[in-house]
file entry.cif (mmCIF, C-alpha atoms; chains and numbers go by the auth columns)
data_data
loop_
_atom_site.group_PDB
_atom_site.id
_atom_site.type_symbol
_atom_site.label_atom_id
_atom_site.label_comp_id
_atom_site.label_asym_id
_atom_site.label_seq_id
_atom_site.Cartn_x
_atom_site.Cartn_y
_atom_site.Cartn_z
_atom_site.B_iso_or_equiv
_atom_site.auth_seq_id
_atom_site.auth_asym_id
ATOM 1 C CA MET A 1 89.749 114.980 -21.560 0.00 120 A
ATOM 2 C CA SER A 2 89.653 112.007 -19.192 0.00 121 A
ATOM 3 C CA LEU A 3 90.534 108.659 -20.670 0.00 122 A
ATOM 4 C CA ASN A 4 89.076 106.515 -17.915 0.00 123 A
ATOM 5 C CA SER A 5 86.556 104.679 -20.093 0.00 124 A
ATOM 6 C CA SER A 6 86.955 102.426 -23.090 0.00 125 A
ATOM 7 C CA SER A 7 85.006 104.906 -25.234 0.00 126 A
ATOM 8 C CA ASP A 8 87.440 107.667 -24.253 0.00 127 A
ATOM 9 C CA ALA A 9 90.339 105.423 -25.219 0.00 128 A
ATOM 10 C CA ASN A 10 88.731 104.734 -28.577 0.00 129 A
ATOM 11 C CA VAL A 11 88.357 108.469 -29.226 0.00 130 A
ATOM 12 C CA ALA A 12 92.020 109.010 -28.396 0.00 131 A
ATOM 13 C CA ARG A 13 93.064 106.024 -30.504 0.00 132 A
ATOM 14 C CA ASP A 14 91.177 107.381 -33.523 0.00 133 A
ATOM 15 C CA ALA A 15 92.720 110.825 -33.014 0.00 134 A
ATOM 16 C CA PHE A 16 96.200 109.337 -32.802 0.00 135 A
ATOM 17 C CA GLN A 17 95.596 107.388 -36.007 0.00 136 A
ATOM 18 C CA ARG A 18 94.592 110.522 -37.917 0.00 137 A
ATOM 19 C CA ILE A 19 97.585 112.495 -36.645 0.00 138 A
ATOM 20 C CA ASN A 20 99.878 109.581 -37.482 0.00 139 A
ATOM 21 C CA THR A 21 98.577 109.372 -41.072 0.00 140 A
ATOM 22 C CA TYR A 22 100.794 110.307 -44.010 0.00 141 A
ATOM 23 C CA VAL A 23 99.384 111.499 -47.300 0.00 142 A
ATOM 24 C CA LYS A 24 101.060 110.760 -50.626 0.00 143 A
ATOM 25 C CA PRO A 25 104.261 112.845 -50.882 0.00 144 A
ATOM 26 C CA ASN A 26 104.025 115.997 -52.981 0.00 145 A
ATOM 27 C CA ASP A 27 100.423 115.372 -54.037 0.00 146 A
ATOM 28 C CA LEU A 28 98.756 118.712 -53.278 0.00 147 A
ATOM 29 C CA SER A 29 95.324 117.521 -54.386 0.00 148 A
ATOM 30 C CA GLU A 30 95.366 114.555 -52.013 0.00 149 A
ATOM 31 C CA THR A 31 96.796 116.720 -49.238 0.00 150 A
ATOM 32 C CA ASP A 32 94.029 119.273 -49.678 0.00 151 A
ATOM 33 C CA LYS A 33 91.293 116.617 -49.593 0.00 152 A
ATOM 34 C CA PHE A 34 92.818 115.013 -46.500 0.00 153 A
ATOM 35 C CA TYR A 35 92.840 118.232 -44.473 0.00 154 A
ATOM 36 C CA THR A 36 89.383 119.280 -45.645 0.00 155 A
ATOM 37 C CA SER A 37 88.020 115.942 -44.410 0.00 156 A
ATOM 38 C CA TRP A 38 89.865 116.366 -41.086 0.00 157 A
ATOM 39 C CA VAL A 39 89.051 119.983 -40.269 0.00 158 A
ATOM 40 C CA GLU A 40 85.985 119.353 -38.086 0.00 159 A
ATOM 41 C CA THR A 41 87.834 117.054 -35.651 0.00 160 A
ATOM 42 C CA TYR A 42 91.318 118.555 -35.998 0.00 161 A
ATOM 43 C CA ASP A 43 91.393 120.619 -32.790 0.00 162 A
ATOM 44 C CA ALA A 44 89.608 117.918 -30.797 0.00 163 A
ATOM 45 C CA ASP A 45 92.103 115.311 -32.005 0.00 164 A
ATOM 46 C CA TYR A 46 95.067 117.328 -30.824 0.00 165 A
ATOM 47 C CA SER A 47 93.404 117.905 -27.452 0.00 166 A
ATOM 48 C CA VAL A 48 93.452 114.159 -26.686 0.00 167 A
ATOM 49 C CA VAL A 49 96.897 113.403 -28.097 0.00 168 A
ATOM 50 C CA ASP A 50 100.029 114.242 -26.142 0.00 169 A
ATOM 51 C CA TYR A 51 101.458 116.575 -28.801 0.00 170 A
ATOM 52 C CA LYS A 52 104.617 118.376 -27.672 0.00 171 A
ATOM 53 C CA PRO A 53 106.021 120.652 -30.440 0.00 172 A
ATOM 54 C CA HIS A 54 103.912 123.692 -29.497 0.00 173 A
ATOM 55 C CA ALA A 55 105.267 123.841 -25.955 0.00 174 A
ATOM 56 C CA ARG A 56 108.793 123.156 -27.210 0.00 175 A
ATOM 57 C CA MET A 57 108.526 126.035 -29.696 0.00 176 A
ATOM 58 C CA ALA A 58 107.357 128.447 -27.005 0.00 177 A
ATOM 59 C CA SER A 59 110.162 127.382 -24.673 0.00 178 A
ATOM 60 C CA THR A 60 112.921 127.768 -27.273 0.00 179 A
ATOM 61 C CA LEU A 61 111.643 131.126 -28.518 0.00 180 A
ATOM 62 C CA THR A 62 111.359 132.406 -24.944 0.00 181 A
ATOM 63 C CA ALA A 63 114.981 131.415 -24.356 0.00 182 A
ATOM 64 C CA SER A 64 116.071 133.072 -27.617 0.00 183 A
ATOM 65 C CA VAL A 65 114.574 136.564 -27.191 0.00 184 A
ATOM 66 C CA ASN A 66 114.633 139.053 -24.348 0.00 185 A
ATOM 67 C CA ASP A 67 111.505 140.013 -22.405 0.00 186 A
ATOM 68 C CA GLU A 68 111.193 143.365 -24.161 0.00 187 A
ATOM 69 C CA ASP A 69 111.238 141.753 -27.603 0.00 188 A
ATOM 70 C CA LYS A 70 108.767 139.092 -26.465 0.00 189 A
ATOM 71 C CA ARG A 71 106.281 141.848 -25.647 0.00 190 A
ATOM 72 C CA ASN A 72 107.005 143.921 -28.754 0.00 191 A
ATOM 73 C CA GLU A 73 103.822 144.145 -30.829 0.00 192 A
ATOM 74 C CA LYS A 74 105.862 145.458 -33.763 0.00 193 A
ATOM 75 C CA PHE A 75 107.645 142.115 -34.048 0.00 194 A
ATOM 76 C CA CYS A 76 106.099 140.187 -36.943 0.00 195 A
ATOM 77 C CA VAL A 77 105.948 136.393 -37.021 0.00 196 A
ATOM 78 C CA LEU A 78 104.898 134.162 -39.900 0.00 197 A
ATOM 79 C CA ASP A 79 103.255 130.854 -39.037 0.00 198 A
ATOM 80 C CA ILE A 80 103.857 128.475 -41.961 0.00 199 A
ATOM 81 C CA ALA A 81 101.312 125.667 -42.345 0.00 200 A
ATOM 82 C CA SER A 82 99.228 127.506 -39.773 0.00 201 A
ATOM 83 C CA GLY A 83 96.381 124.990 -39.765 0.00 202 A
ATOM 84 C CA THR A 84 93.555 125.981 -37.428 0.00 203 A
ATOM 85 C CA GLY A 85 95.691 128.439 -35.464 0.00 204 A
ATOM 86 C CA ASN A 86 97.097 126.293 -32.665 0.00 205 A
ATOM 87 C CA CYS A 87 100.606 127.679 -33.057 0.00 206 A
ATOM 88 C CA ALA A 88 99.346 131.266 -32.811 0.00 207 A
ATOM 89 C CA GLN A 89 97.263 130.337 -29.771 0.00 208 A
ATOM 90 C CA THR A 90 100.355 128.868 -28.110 0.00 209 A
ATOM 91 C CA LEU A 91 102.287 132.080 -28.710 0.00 210 A
ATOM 92 C CA ARG A 92 99.500 134.127 -27.126 0.00 211 A
ATOM 93 C CA ASN A 93 99.150 131.739 -24.189 0.00 212 A
ATOM 94 C CA ASN A 94 102.877 132.084 -23.486 0.00 213 A
ATOM 95 C CA GLY A 95 102.949 135.876 -23.424 0.00 214 A
ATOM 96 C CA PHE A 96 104.148 136.660 -26.951 0.00 215 A
ATOM 97 C CA LYS A 97 102.601 139.941 -28.102 0.00 216 A
ATOM 98 C CA TRP A 98 103.880 139.702 -31.668 0.00 217 A
ATOM 99 C CA THR A 99 101.832 140.437 -34.751 0.00 218 A
ATOM 100 C CA ILE A 100 101.093 137.075 -36.364 0.00 219 A
ATOM 101 C CA ASP A 101 100.510 136.252 -40.027 0.00 220 A
ATOM 102 C CA GLY A 102 99.716 132.776 -41.298 0.00 221 A
ATOM 103 C CA ILE A 103 100.083 130.821 -44.505 0.00 222 A
ATOM 104 C CA GLU A 104 98.121 127.589 -44.921 0.00 223 A
ATOM 105 C CA GLY A 105 97.432 125.575 -48.035 0.00 224 A
ATOM 106 C CA ASN A 106 93.990 124.324 -47.050 0.00 225 A
ATOM 107 C CA ALA A 107 91.128 126.827 -47.231 0.00 226 A
ATOM 108 C CA ALA A 108 88.923 125.009 -44.707 0.00 227 A
ATOM 109 C CA MET A 109 91.708 125.008 -42.121 0.00 228 A
ATOM 110 C CA ASN A 110 92.302 128.674 -42.823 0.00 229 A
ATOM 111 C CA GLU A 111 88.658 129.510 -42.116 0.00 230 A
ATOM 112 C CA LYS A 112 88.881 127.772 -38.737 0.00 231 A
ATOM 113 C CA ALA A 113 91.989 129.794 -37.890 0.00 232 A
ATOM 114 C CA LYS A 114 90.419 133.046 -39.047 0.00 233 A
ATOM 115 C CA ALA A 115 87.510 132.595 -36.645 0.00 234 A
ATOM 116 C CA LYS A 116 89.924 132.616 -33.682 0.00 235 A
ATOM 117 C CA ASN A 117 91.006 136.227 -34.396 0.00 236 A
ATOM 118 C CA LEU A 118 94.668 135.497 -33.725 0.00 237 A
ATOM 119 C CA TYR A 119 96.157 136.532 -37.065 0.00 238 A
ATOM 120 C CA ARG A 120 96.628 139.856 -38.826 0.00 239 A
ATOM 121 C CA ASN A 121 96.659 138.220 -42.250 0.00 240 A
ATOM 122 C CA LEU A 122 96.035 134.672 -43.435 0.00 241 A
ATOM 123 C CA LYS A 123 96.911 133.370 -46.897 0.00 242 A
ATOM 124 C CA VAL A 124 95.748 130.196 -48.597 0.00 243 A
ATOM 125 C CA GLU A 125 98.969 129.114 -50.268 0.00 244 A
ATOM 126 C CA TYR A 126 101.140 126.008 -50.397 0.00 245 A
ATOM 127 C CA VAL A 127 104.897 126.299 -49.925 0.00 246 A
ATOM 128 C CA THR A 128 106.670 124.378 -52.686 0.00 247 A
ATOM 129 C CA PRO A 129 110.258 124.188 -53.983 0.00 248 A
ATOM 130 C CA ASN A 130 109.314 125.502 -57.420 0.00 249 A
ATOM 131 C CA GLU A 131 107.437 128.644 -56.440 0.00 250 A
ATOM 132 C CA ARG A 132 108.538 131.816 -54.722 0.00 251 A
ATOM 133 C CA MET A 133 106.526 132.662 -51.620 0.00 252 A
ATOM 134 C CA THR A 134 104.425 135.799 -52.020 0.00 253 A
ATOM 135 C CA TYR A 135 106.340 137.796 -49.413 0.00 254 A
ATOM 136 C CA ASP A 136 109.075 140.401 -49.782 0.00 255 A
ATOM 137 C CA ASP A 137 112.662 139.804 -48.709 0.00 256 A
ATOM 138 C CA ASP A 138 113.406 140.388 -45.010 0.00 257 A
ATOM 139 C CA SER A 139 109.723 140.634 -44.032 0.00 258 A
ATOM 140 C CA TYR A 140 109.597 138.788 -40.703 0.00 259 A
ATOM 141 C CA ASP A 141 111.359 138.858 -37.343 0.00 260 A
ATOM 142 C CA VAL A 142 110.376 135.271 -36.574 0.00 261 A
ATOM 143 C CA ILE A 143 109.101 132.386 -38.704 0.00 262 A
ATOM 144 C CA VAL A 144 107.700 129.179 -37.224 0.00 263 A
ATOM 145 C CA SER A 145 106.348 125.952 -38.667 0.00 264 A
ATOM 146 C CA ILE A 146 104.951 123.104 -36.604 0.00 265 A
ATOM 147 C CA GLY A 147 104.436 119.973 -38.662 0.00 266 A
ATOM 148 C CA GLY A 148 104.662 121.748 -42.001 0.00 267 A
ATOM 149 C CA PHE A 149 108.120 120.468 -42.866 0.00 268 A
ATOM 150 C CA SER A 150 107.782 116.760 -43.589 0.00 269 A
ATOM 151 C CA ARG A 151 108.459 114.354 -46.439 0.00 270 A
ATOM 152 C CA THR A 152 104.808 114.610 -47.521 0.00 271 A
ATOM 153 C CA HIS A 153 104.456 118.377 -47.140 0.00 272 A
ATOM 154 C CA ILE A 154 107.055 121.159 -47.271 0.00 273 A
ATOM 155 C CA GLN A 155 110.350 119.979 -48.748 0.00 274 A
ATOM 156 C CA PRO A 156 113.820 120.735 -47.299 0.00 275 A
ATOM 157 C CA GLU A 157 114.745 122.884 -50.308 0.00 276 A
ATOM 158 C CA CYS A 158 112.159 125.415 -49.098 0.00 277 A
ATOM 159 C CA ILE A 159 114.335 126.299 -46.096 0.00 278 A
ATOM 160 C CA LYS A 160 116.338 128.738 -48.214 0.00 279 A
ATOM 161 C CA GLU A 161 113.153 130.410 -49.447 0.00 280 A
ATOM 162 C CA VAL A 162 111.949 130.785 -45.864 0.00 281 A
ATOM 163 C CA LEU A 163 115.236 132.424 -44.951 0.00 282 A
ATOM 164 C CA ARG A 164 114.805 134.872 -47.820 0.00 283 A
ATOM 165 C CA ILE A 165 111.770 136.414 -46.143 0.00 284 A
ATOM 166 C CA LEU A 166 113.331 136.348 -42.658 0.00 285 A
ATOM 167 C CA LYS A 167 115.040 139.513 -41.445 0.00 286 A
ATOM 168 C CA PRO A 168 118.767 139.373 -40.609 0.00 287 A
ATOM 169 C CA GLY A 169 118.978 138.430 -36.952 0.00 288 A
ATOM 170 C CA GLY A 170 115.557 136.783 -37.154 0.00 289 A
ATOM 171 C CA LEU A 171 114.634 133.333 -35.876 0.00 290 A
ATOM 172 C CA PHE A 172 113.328 130.362 -37.831 0.00 291 A
ATOM 173 C CA TRP A 173 111.924 127.538 -35.688 0.00 292 A
ATOM 174 C CA PHE A 174 110.447 124.354 -37.116 0.00 293 A
ATOM 175 C CA SER A 175 109.794 120.764 -36.148 0.00 294 A
ATOM 176 C CA VAL A 176 110.008 117.534 -38.123 0.00 295 A
ATOM 177 C CA ARG A 177 108.947 113.984 -37.387 0.00 296 A
ATOM 178 C CA LYS A 178 111.472 111.182 -36.966 0.00 297 A
ATOM 179 C CA SER A 179 110.698 107.876 -38.665 0.00 298 A
ATOM 180 C CA ASP A 180 112.328 105.316 -40.916 0.00 299 A
ATOM 181 C CA ALA A 181 110.341 106.694 -43.846 0.00 300 A
ATOM 182 C CA ALA A 182 111.574 110.213 -43.099 0.00 301 A
ATOM 183 C CA GLU A 183 115.249 109.279 -42.694 0.00 302 A
ATOM 184 C CA SER A 184 116.302 110.614 -46.102 0.00 303 A
ATOM 185 C CA TYR A 185 114.197 113.752 -45.645 0.00 304 A
ATOM 186 C CA ASN A 186 115.730 114.531 -42.258 0.00 305 A
ATOM 187 C CA ALA A 187 119.232 113.877 -43.576 0.00 306 A
ATOM 188 C CA THR A 188 118.597 116.457 -46.300 0.00 307 A
ATOM 189 C CA VAL A 189 117.355 118.982 -43.735 0.00 308 A
ATOM 190 C CA TYR A 190 120.497 118.385 -41.688 0.00 309 A
ATOM 191 C CA ALA A 191 122.746 118.781 -44.731 0.00 310 A
ATOM 192 C CA ILE A 192 121.079 122.025 -45.838 0.00 311 A
ATOM 193 C CA LEU A 193 121.347 123.575 -42.377 0.00 312 A
ATOM 194 C CA THR A 194 124.971 122.470 -42.064 0.00 313 A
ATOM 195 C CA ASP A 195 125.773 124.038 -45.438 0.00 314 A
ATOM 196 C CA LEU A 196 124.098 127.295 -44.393 0.00 315 A
ATOM 197 C CA VAL A 197 126.197 127.339 -41.229 0.00 316 A
ATOM 198 C CA HIS A 198 129.402 126.759 -43.210 0.00 317 A
ATOM 199 C CA LYS A 199 128.447 129.654 -45.494 0.00 318 A
ATOM 200 C CA ASN A 200 127.922 131.854 -42.424 0.00 319 A
ATOM 201 C CA LEU A 201 124.272 132.449 -43.342 0.00 320 A
ATOM 202 C CA VAL A 202 122.718 131.067 -40.159 0.00 321 A
ATOM 203 C CA LYS A 203 123.629 130.143 -36.606 0.00 322 A
ATOM 204 C CA ILE A 204 122.141 126.984 -35.113 0.00 323 A
ATOM 205 C CA LEU A 205 120.315 127.672 -31.838 0.00 324 A
ATOM 206 C CA ALA A 206 118.620 124.287 -31.460 0.00 325 A
ATOM 207 C CA ARG A 207 119.034 121.016 -33.332 0.00 326 A
ATOM 208 C CA GLU A 208 117.757 118.398 -30.902 0.00 327 A
ATOM 209 C CA GLU A 209 115.796 115.185 -30.918 0.00 328 A
ATOM 210 C CA MET A 210 112.586 115.470 -28.912 0.00 329 A
ATOM 211 C CA ASP A 211 109.497 113.579 -27.829 0.00 330 A
ATOM 212 C CA TYR A 212 107.031 114.576 -30.555 0.00 331 A
ATOM 213 C CA TYR A 213 103.659 113.078 -29.691 0.00 332 A
ATOM 214 C CA GLY A 214 102.131 110.039 -28.109 0.00 333 A
ATOM 215 C CA CYS A 215 98.914 108.328 -27.095 0.00 334 A
ATOM 216 C CA LYS A 216 97.318 109.364 -23.826 0.00 335 A
ATOM 217 C CA PHE A 217 95.579 105.974 -23.684 0.00 336 A
ATOM 218 C CA ASP A 218 98.895 104.115 -24.033 0.00 337 A
ATOM 219 C CA LYS A 219 101.979 105.807 -22.597 0.00 338 A
ATOM 220 C CA THR A 220 104.251 103.181 -24.154 0.00 339 A
ATOM 221 C CA ILE A 221 103.529 104.648 -27.610 0.00 340 A
ATOM 222 C CA GLN A 222 105.723 107.663 -28.251 0.00 341 A
ATOM 223 C CA LYS A 223 106.740 109.190 -31.568 0.00 342 A
ATOM 224 C CA GLN A 224 110.005 111.078 -31.827 0.00 343 A
ATOM 225 C CA GLY A 225 110.907 114.159 -33.816 0.00 344 A
ATOM 226 C CA TYR A 226 113.417 116.964 -34.137 0.00 345 A
ATOM 227 C CA GLU A 227 113.433 120.592 -33.119 0.00 346 A
ATOM 228 C CA ARG A 228 115.296 122.989 -35.416 0.00 347 A
ATOM 229 C CA CYS A 229 115.932 126.653 -34.692 0.00 348 A
ATOM 230 C CA VAL A 230 118.323 128.975 -36.514 0.00 349 A
ATOM 231 C CA ARG A 231 119.149 132.654 -36.405 0.00 350 A
ATOM 232 C CA LYS A 232 119.734 134.333 -39.758 0.00 351 A
ATOM 233 C CA ILE A 233 123.067 136.128 -39.963 0.00 352 A
#
call {"tool": "encode", "arguments": {"input": "entry.cif", "output": "structure tokens"}}
result
Amino acid sequence: MSLNSSSDANVARDAFQRINTYVKPNDLSETDKFYTSWVETYDADYSVVDYKPHARMASTLTASVNDEDKRNEKFCVLDIASGTGNCAQTLRNNGFKWTIDGIEGNAAMNEKAKAKNLYRNLKVEYVTPNERMTYDDDSYDVIVSIGGFSRTHIQPECIKEVLRILKPGGLFWFSVRKSDAAESYNATVYAILTDLVHKNLVKILAREEMDYYGCKFDKTIQKQGYERCVRKI
């Protein structure tokens, strides 16, 4: 979308504001209402915001698997907080032939994703620290989550539950925002991953700060985040 007019800039500014909004932490009812109200403009919003985690995920996963595995349709990937299917679309656009399942807490978002015919199975389910995910141990070769892990959504303690359903040797890639409000959250993520490394349960493949997203109408505005990728031992 061109941003040459003031109306275009206003559209992009509104999209940036919605993406930059935080809901009340750990309030599933408020979270559900927020995403239901956003679903009709969700994909359009991301098309006018310079959002980088999808490309970063594809790049890191490409570097972490061989070409044969990248094309292996028997490889199963779980997309956590799958939204409207943008993560799955990115995998397809970058040559990944894997079978993709999704888990998303908001039913309206899930319906949007379902219509894109990218997923084998989609579940409407929130990932919380107090509930076991409805998947068997060692179910997936790869697990990804773009934007799902944040102080207002999926909590750091859920990392261990995600690893439970990841096969030994499998990859878990996720992104988190960087902000003053998220400082404690990100410190907890770092501590949990460090502990898992010390216990020889995972190997860190990527733990980098990254440009996360920005405004196309104002290149001076740039939000930072972190890329995390581990291999289960």
call {"tool": "resolve_selection", "arguments": {"input": "entry.cif", "expression": "the PyMOL selection byres ((chain A and resi 189-194) around 12)", "output": "tab-separated table (two decimals) with C-alpha atoms, in the coordinates of the input"}}
result
chain	number	residue	atom	x	y	z
A	177	ALA	CA	107.36	128.45	-27.00
A	178	SER	CA	110.16	127.38	-24.67
A	180	LEU	CA	111.64	131.13	-28.52
A	181	THR	CA	111.36	132.41	-24.94
A	182	ALA	CA	114.98	131.42	-24.36
A	183	SER	CA	116.07	133.07	-27.62
A	184	VAL	CA	114.57	136.56	-27.19
A	185	ASN	CA	114.63	139.05	-24.35
A	186	ASP	CA	111.50	140.01	-22.40
A	187	GLU	CA	111.19	143.36	-24.16
A	188	ASP	CA	111.24	141.75	-27.60
A	195	CYS	CA	106.10	140.19	-36.94
A	196	VAL	CA	105.95	136.39	-37.02
A	197	LEU	CA	104.90	134.16	-39.90
A	210	LEU	CA	102.29	132.08	-28.71
A	211	ARG	CA	99.50	134.13	-27.13
A	213	ASN	CA	102.88	132.08	-23.49
A	214	GLY	CA	102.95	135.88	-23.42
A	215	PHE	CA	104.15	136.66	-26.95
A	216	LYS	CA	102.60	139.94	-28.10
A	217	TRP	CA	103.88	139.70	-31.67
A	218	THR	CA	101.83	140.44	-34.75
A	219	ILE	CA	101.09	137.07	-36.36
A	220	ASP	CA	100.51	136.25	-40.03
A	239	ARG	CA	96.63	139.86	-38.83
A	258	SER	CA	109.72	140.63	-44.03
A	259	TYR	CA	109.60	138.79	-40.70
A	260	ASP	CA	111.36	138.86	-37.34
A	261	VAL	CA	110.38	135.27	-36.57
A	262	ILE	CA	109.10	132.39	-38.70
A	285	LEU	CA	113.33	136.35	-42.66
A	286	LYS	CA	115.04	139.51	-41.44
A	289	GLY	CA	115.56	136.78	-37.15
A	290	LEU	CA	114.63	133.33	-35.88
call {"tool": "closest_atom_pairs", "arguments": {"input": "entry.cif", "of": "stretch 209-290 of chain A", "to": "stretch 342-346 of chain A", "cutoff": "12 Å", "atoms": "only C-alpha atoms", "output": "Markdown table"}}
result
| residue | atom | partner | partner_atom | distance |
| --- | --- | --- | --- | --- |
| A:Val263 | CA | A:Glu346 | CA | 11.1 |
| A:Ser264 | CA | A:Glu346 | CA | 10.5 |
| A:Ile265 | CA | A:Glu346 | CA | 9.5 |
| A:Gly266 | CA | A:Gly344 | CA | 10.0 |
| A:Phe268 | CA | A:Tyr345 | CA | 10.8 |
| A:Ser269 | CA | A:Gly344 | CA | 10.6 |
call {"tool": "write_last_selection", "arguments": {"input": "entry.cif", "atoms": "C-alpha atoms", "output": "short mmCIF file (atom, residue, chain, number, x, y, z; two decimals), in the frame of the given file"}}
result
data_model
loop_
_atom_site.label_atom_id
_atom_site.label_comp_id
_atom_site.auth_asym_id
_atom_site.auth_seq_id
_atom_site.Cartn_x
_atom_site.Cartn_y
_atom_site.Cartn_z
CA VAL A 263 107.70 129.18 -37.22
CA SER A 264 106.35 125.95 -38.67
CA ILE A 265 104.95 123.10 -36.60
CA GLY A 266 104.44 119.97 -38.66
CA PHE A 268 108.12 120.47 -42.87
CA SER A 269 107.78 116.76 -43.59
#
call {"tool": "resolve_selection", "arguments": {"input": "entry.cif", "expression": "the PyMOL selection byres ((chain A and resi 243-255) around 10)", "output": "VMD selection string"}}
result
chain A and resid 145 147 151 199 to 201 221 to 230 241 to 242 256 to 259 267 to 268 272 to 281 283 to 285
call {"tool": "residues_around", "arguments": {"input": "entry.cif", "residues": "A:Ile138", "least_positions_apart": "3", "cutoff": "12 Å", "atoms": "all atoms listed in the file", "output": "list in words"}}
result
Ala131, Arg132, Asp133, Ala134, Phe135, Tyr141, Val142, Phe153, Tyr154, Trp157, Val158, Thr160, Tyr161, Asp162, Ala163, Asp164, Tyr165, Ser166, Val167, Val168, Asp169, Tyr170, Gly266, Arg296, Tyr331, Tyr332, Gly333, Cys334 and Lys342 of chain A
call {"tool": "closest_residue", "arguments": {"input": "entry.cif", "among": "A:Thr271, A:Glu328, A:Thr140, A:Ile340", "to": "A:Ala301", "atoms": "only C-alpha atoms"}}
result
A:Thr271
call {"tool": "atom_distance", "arguments": {"input": "entry.cif", "atom1": "atom CA of A:Lys235", "atom2": "atom CA of A:Thr203"}}
result
8.4 Å
call {"tool": "atom_distance", "arguments": {"input": "entry.cif", "atom1": "atom CA of A:Arg350", "atom2": "atom CA of A:Phe293"}}
result
12.0 Å
call {"tool": "closest_residue", "arguments": {"input": "entry.cif", "among": "A:Tyr238, A:Tyr309, A:Phe291, A:Tyr304", "to": "A:Ile352", "atoms": "all atoms listed in the file"}}
result
A:Phe291
call {"tool": "closest_residue", "arguments": {"input": "entry.cif", "among": "A:Val308, A:Ala232, A:Leu315, A:Val349", "to": "A:Gly288", "atoms": "only C-alpha atoms"}}
result
A:Val349
call {"tool": "axis_aligned_box", "arguments": {"input": "entry.cif", "around": "stretch 197-212 of chain A", "padding_each_side": "6 Å", "output": "AutoDock Vina command-line options"}}
result
--center_x 99.2 --center_y 129.6 --center_z -33.3 --size_x 23.3 --size_y 21.2 --size_z 30.2
call {"tool": "closest_residue", "arguments": {"input": "entry.cif", "among": "A:Glu149, A:Val321, A:Thr307, A:Arg175", "to": "A:Ser294", "atoms": "all atoms listed in the file"}}
result
A:Arg175
call {"tool": "closest_residue", "arguments": {"input": "entry.cif", "among": "A:Lys297, A:Arg347, A:His173, A:Lys233", "to": "A:Ile311", "atoms": "only C-alpha atoms"}}
result
A:Arg347
call {"tool": "atom_distance", "arguments": {"input": "entry.cif", "atom1": "atom CA of A:Ala174", "atom2": "atom CA of A:Lys152"}}
result
28.4 Å
call {"tool": "decode", "arguments": {"input": "entry.cif", "residues": "stretch 183-218 of chain A", "atoms": "C-alpha atoms", "output": "CSV table (one decimal), in the first residue's frame"}}
result
chain,number,residue,atom,x,y,z
A,183,SER,CA,18.3,-24.5,11.0
A,184,VAL,CA,17.0,-27.3,8.8
A,185,ASN,CA,18.4,-28.9,5.6
A,186,ASP,CA,16.7,-28.6,2.3
A,187,GLU,CA,15.3,-32.1,2.4
A,188,ASP,CA,13.7,-31.5,5.8
A,189,LYS,CA,12.3,-28.2,4.6
A,190,ARG,CA,10.4,-30.0,1.8
A,191,ASN,CA,9.3,-32.9,4.0
A,192,GLU,CA,5.5,-33.0,4.1
A,193,LYS,CA,5.7,-35.4,7.0
A,194,PHE,CA,7.3,-32.8,9.2
A,195,CYS,CA,4.6,-31.4,11.5
A,196,VAL,CA,4.6,-27.8,12.8
A,197,LEU,CA,2.4,-26.3,15.4
A,198,ASP,CA,1.6,-22.6,15.1
A,199,ILE,CA,0.8,-21.2,18.6
A,200,ALA,CA,-1.5,-18.1,18.7
A,201,SER,CA,-2.0,-18.7,15.0
A,202,GLY,CA,-4.3,-15.7,14.5
A,203,THR,CA,-5.6,-15.4,10.9
A,204,GLY,CA,-2.9,-17.6,9.5
A,205,ASN,CA,-0.1,-15.2,8.6
A,206,CYS,CA,2.6,-17.4,10.1
A,207,ALA,CA,1.4,-20.4,8.1
A,208,GLN,CA,1.3,-18.3,4.9
A,209,THR,CA,4.9,-17.1,5.5
A,210,LEU,CA,6.0,-20.7,5.8
A,211,ARG,CA,4.3,-21.6,2.5
A,212,ASN,CA,5.7,-18.5,0.8
A,213,ASN,CA,9.2,-19.5,1.8
A,214,GLY,CA,9.1,-23.1,0.5
A,215,PHE,CA,8.3,-25.0,3.7
A,216,LYS,CA,6.1,-28.0,2.8
A,217,TRP,CA,5.4,-29.0,6.4
A,218,THR,CA,2.0,-30.1,7.7
